[in-house]
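**Student:** Quick one: structure below, then a few questions.
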Amino acid sequence: MPLPYARAAVGSTNPAKLEAVHRAFARLAPGCSVEGVSTTSGVRAQPVGDDETRTGAQARARTALAESDADVGIGLEGGVIFEGDAPWLVSWVAVVDRDGRSDEASGLRMPLPASAAARLRAGAELGEVIDALFNTHLSKQQAGAIGLLTEGFVSRTDAFADLVAMACAPLLRPDLY
């Protein structure tokens, strides 16, 4: 059974994130409009660690819902973790609706180039680091690190769309959750 939402607010105006929600909701909530709401995550510009990244996604979802007339708010947040010296990309998606239901999903974990570690540890945003490595501009609004590192096989939008669907699983199947 599809989700009953007519309007979804995404806690970002980033085109890659908006398209991810649009793709997921085209199938999960047919006819639902998707709008971006400029929000802040309440965490560092480049979240570090699962907890901070998760908190950022939750804050974006709650703020998007509060600052709109939408039925559901969605927060998407990319972060980094360090395993020893090695940097990894992590992502979280949070969904909250007007009935007070909230769910989330995480995934999209992949190693990042070792050459990015020092700048990321110093607080640089992953998008800036990837732009420098690939001599591009605003990659986080397009294919993202994942798209550039996989030669376009998986884009940031593709990966986030899957996470949006996973975060919606309890809303789609309340009989099981």
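By order in the structure tokens, chains are A, B, ...; within a chain, residues start at 1; ligands start at 1, following the order shown.
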Using DSSP assignments from the backbone, pull out every residue in region 19-130 of chain A that falls under alpha helix (DSSP H) and give it to me as a VMD selection string.

**Tutor:** chain A and resid 19 to 28 50 to 66 117 to 121 126 to 130

**Student:** Now that the selection is made, can you save its residues with C-alpha atoms as an mmCIF file, in the first residue's frame?

**Tutor:**
data_model
loop_
_atom_site.group_PDB
_atom_site.id
_atom_site.type_symbol
_atom_site.label_atom_id
_atom_site.label_comp_id
_atom_site.auth_asym_id
_atom_site.auth_seq_id
_atom_site.Cartn_x
_atom_site.Cartn_y
_atom_site.Cartn_z
ATOM 1 C CA GLU A 19 15.912 14.123 -6.671
ATOM 2 C CA ALA A 20 16.607 11.181 -4.338
ATOM 3 C CA VAL A 21 13.377 11.841 -2.426
ATOM 4 C CA HIS A 22 11.476 12.472 -5.650
ATOM 5 C CA ARG A 23 12.616 9.114 -7.069
ATOM 6 C CA ALA A 24 11.727 7.178 -3.931
ATOM 7 C CA PHE A 25 8.368 8.889 -3.416
ATOM 8 C CA ALA A 26 7.377 8.532 -7.084
ATOM 9 C CA ARG A 27 6.992 4.848 -6.281
ATOM 10 C CA LEU A 28 6.243 4.884 -2.534
ATOM 11 C CA ASP A 50 27.494 8.007 12.937
ATOM 12 C CA ASP A 51 25.934 9.813 15.905
ATOM 13 C CA GLU A 52 26.544 13.305 14.537
ATOM 14 C CA THR A 53 25.459 12.342 11.026
ATOM 15 C CA ARG A 54 22.288 10.715 12.364
ATOM 16 C CA THR A 55 21.523 13.750 14.526
ATOM 17 C CA GLY A 56 21.901 15.997 11.472
ATOM 18 C CA ALA A 57 19.436 13.916 9.437
ATOM 19 C CA GLN A 58 16.907 13.928 12.282
ATOM 20 C CA ALA A 59 17.200 17.701 12.745
ATOM 21 C CA ARG A 60 16.763 18.340 9.022
ATOM 22 C CA ALA A 61 13.627 16.157 8.895
ATOM 23 C CA ARG A 62 12.015 17.798 11.951
ATOM 24 C CA THR A 63 12.850 21.324 10.794
ATOM 25 C CA ALA A 64 11.603 20.709 7.239
ATOM 26 C CA LEU A 65 8.296 19.448 8.615
ATOM 27 C CA ALA A 66 7.957 22.320 11.110
ATOM 28 C CA ALA A 117 41.926 12.114 5.470
ATOM 29 C CA ALA A 118 44.021 15.081 6.606
ATOM 30 C CA ARG A 119 41.665 17.706 5.177
ATOM 31 C CA LEU A 120 38.595 15.917 6.539
ATOM 32 C CA ARG A 121 40.179 15.638 10.011
ATOM 33 C CA LEU A 126 33.817 16.169 1.858
ATOM 34 C CA GLY A 127 32.344 17.965 -1.154
ATOM 35 C CA GLU A 128 35.197 20.498 -1.135
ATOM 36 C CA VAL A 129 37.792 17.750 -0.777
ATOM 37 C CA ILE A 130 36.298 15.721 -3.627
#

**Student:** If you measure from CA of Leu148 (chain A) to CA of Val37 (chain A), what distance in Å do you get, rounded to one decimal?

**Tutor:**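 Interatomic distance, CA of Leu148 (chain A) to CA of Val37 (chain A): 26.4 Å.
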
**Student:** When distances are computed from only C-alpha atoms, which of A:Asp69, A:Glu104, A:Asp85, A:Asp99 shows the smallest separation from Ala165 (chain A)?

**Tutor:**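 Of all the options, A:Glu104 lies closest to Ala165 (chain A).
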
**Student:** Could you tell me how far CA of Ala8 (chain A) lies from CA of Ser139 (chain A), in Å and to one decimal?

**Tutor:** 24.6 Å
